[in-house]
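Engineer: This is the structure I want to talk about, given as structure tokens.
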Amino acid sequence: MKKMFISAAFAAIVMLGGCCCYCSGNSKTVAEAKDMIRNNKAECIVVKDGKIAAVERGRGVSPLLKIYDTNSAVMRDAVIVDKVIGRAAAFIVVKSGAKSVYGKIMSEDAKELLAKHKITASHDLLVPRILNRKRDGLCPLEASVSGIDDPDAALNSMRKRIAEMRRGN
């Protein structure tokens with residue numbers, strides 16, 4: 001019985017494609033990044049080749065988008081550790097070519113989108129959707145990518161909405 005349980009657990013790990021954080025050789029660094037997120041020391045961290053390659057602070061998707069815009073190469077084949085991963089953030093992760101992502105909070109839509117693009121996803125808390133700051137409706141960036149399946153179109157829609165928000169619209 002015990003041998004059967006171990007074999008089943010091993011098979012599950014193999015089927016998960018290396019289990020982004022614990023089987024890739026980055027487990028200690030990813031755990032450190034997760035602790036930084038959980039302790040509010042950062043909002044977005046990129047772990048690559050066993051090292052913390054980028055750290056950003058800020059609100060919403062801006063830390064993730066800043067890393068993508070300034071150094072997308074560091075994100076390719078990396079582990080992204082972020083405070084909140086909604087569908088909008090998931091599109092940035094898809095565009096970046098990251099191999100896996102952890103969100104302290106992750107939406108069901110984001111998890112589904114990441115799986116569709118074969119990106120391993122993990123989270124502390126899975127929620128139906130990401131709400132706006134007042135918690136009385138959907139996050140504006142989530143709304144901007146609703147119904148969009150193409151990552152390029154999603155990123156364009158997101159950027160348009162960010163520009164509108166900065167203008168006060």
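Residue names in the structure tokens use chain letters A, B, ... in the order shown, residue numbers from 1 in each chain, and ligand numbers from 1 in the order shown.
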Enumerate, in order of chain and increasing residue number, the residues of region 46-79 of chain A with an atom no farther than 12 Å from region 108-127 of chain A, each with its shortest atom pair and distance in Å to one decimal, counting only C-alpha atoms, as a Markdown table.
Structural biologist:
```
| residue | atom | partner | partner_atom | distance |
| --- | --- | --- | --- | --- |
| A:Arg76 | CA | A:Ile119 | CA | 11.6 |
| A:Asp77 | CA | A:Ile119 | CA | 9.9 |
| A:Ala78 | CA | A:Ile119 | CA | 10.6 |
| A:Val79 | CA | A:Thr120 | CA | 9.2 |
```
Engineer: Include N, CA and C atoms and write out the residues we just selected as a PDB file, in the first residue's frame.
Structural biologist:
```pdb
ATOM      1  N   ARG A  76      11.611  35.014 -20.079  1.00  0.00           N
ATOM      2  CA  ARG A  76      11.510  33.794 -20.883  1.00  0.00           C
ATOM      3  C   ARG A  76      12.048  32.600 -20.087  1.00  0.00           C
ATOM      4  N   ASP A  77      11.230  31.546 -20.014  1.00  0.00           N
ATOM      5  CA  ASP A  77      11.569  30.304 -19.297  1.00  0.00           C
ATOM      6  C   ASP A  77      11.809  30.512 -17.805  1.00  0.00           C
ATOM      7  N   ALA A  78      11.268  31.580 -17.253  1.00  0.00           N
ATOM      8  CA  ALA A  78      11.448  31.892 -15.834  1.00  0.00           C
ATOM      9  C   ALA A  78      10.208  31.514 -15.038  1.00  0.00           C
ATOM     10  N   VAL A  79      10.321  31.652 -13.734  1.00  0.00           N
ATOM     11  CA  VAL A  79       9.192  31.500 -12.818  1.00  0.00           C
ATOM     12  C   VAL A  79       8.800  32.916 -12.392  1.00  0.00           C
TER      13      VAL A  79
END
```
Engineer: Please list as a PDB file with C-alpha atoms, in the first residue's frame every residue within 10 Å of Val61 (chain A), counting only C-alpha atoms and excluding residues in the same chain fewer than 2 positions away.
Structural biologist:
```pdb
ATOM      1  CA  GLU A  43       4.637  42.669  -5.796  1.00  0.00           C
ATOM      2  CA  CYS A  44       6.391  40.882  -8.674  1.00  0.00           C
ATOM      3  CA  GLY A  58       3.730  48.897  -7.465  1.00  0.00           C
ATOM      4  CA  ARG A  59      -0.016  48.522  -7.853  1.00  0.00           C
ATOM      5  CA  PRO A  63       5.140  45.780 -11.754  1.00  0.00           C
ATOM      6  CA  LEU A  64       4.681  42.798 -14.080  1.00  0.00           C
ATOM      7  CA  LEU A  65       4.161  45.039 -17.107  1.00  0.00           C
ATOM      8  CA  LYS A  66       7.241  47.130 -16.225  1.00  0.00           C
ATOM      9  CA  ASP A  82       3.329  37.814  -8.204  1.00  0.00           C
ATOM     10  CA  LYS A  83       0.891  39.146  -5.645  1.00  0.00           C
ATOM     11  CA  VAL A  84      -2.216  38.918  -7.869  1.00  0.00           C
ATOM     12  CA  ILE A  85      -2.614  37.036 -11.133  1.00  0.00           C
ATOM     13  CA  GLY A  86      -5.831  37.777 -12.949  1.00  0.00           C
ATOM     14  CA  ALA A  88      -4.838  40.520 -17.591  1.00  0.00           C
ATOM     15  CA  ALA A  89      -1.640  39.554 -15.762  1.00  0.00           C
ATOM     16  CA  ALA A  90      -1.868  36.032 -17.179  1.00  0.00           C
ATOM     17  CA  ILE A  92       1.463  39.296 -19.848  1.00  0.00           C
ATOM     18  CA  LEU A 141      -7.990  45.728 -16.611  1.00  0.00           C
ATOM     19  CA  MET A 158      -4.910  46.557 -21.600  1.00  0.00           C
ATOM     20  CA  ILE A 162      -4.230  51.983 -18.736  1.00  0.00           C
TER      21      ILE A 162
END
```
Engineer: Can you work out which one of A:Leu138, A:Ile148, A:Val47, A:Ala54 has the shortest atom-to-atom distance to Ile80 (chain A), counting only C-alpha atoms?
Structural biologist: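 Closest residue, counting only C-alpha atoms: A:Val47.
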Engineer: What separation in Å, quoted to one decimal, exists between CA of Met106 (chain A) and CA of Asn71 (chain A)?
Structural biologist: 23.7 Å
Engineer: A:Arg57, A:Arg87, A:Arg133, A:Lys48: which is nearest Ser100 (chain A), counting only C-alpha atoms?
Structural biologist: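 Among the listed residues, the smallest separation from Ser100 (chain A) belongs to A:Lys48.
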Engineer: Rank A:Pro128, A:Lys95, A:Asp136, A:Ile105 by their smallest atom-to-atom distance to Ala153 (chain A), using only C-alpha atoms, and report the top residue only.
Structural biologist: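 So, comparing all the options, the nearest one is A:Lys95.
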Engineer: Which residues are close to Lys41 (chain A), i.e. within 10 Å by only C-alpha atoms, leaving aside same-chain residues fewer than 4 positions away? Reply as a list of chain:residue names.
Structural biologist: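 Close residues of Lys41 (chain A): A:Ala33, A:Lys34, A:Asp35, A:Met36, A:Ile37, A:Val55, A:Glu56, A:Arg57.
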Engineer: Given the choices A:Val145, A:Ala154, A:Val101, A:Val46, which gets closest to Thr29 (chain A) if the distance is worked out from only C-alpha atoms?
Structural biologist: A:Val46
Engineer: For CA of Val94 (chain A) and CA of Met165 (chain A), quote the distance in Å rounded to one decimal.
Structural biologist: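 It comes out at 23.7 Å.
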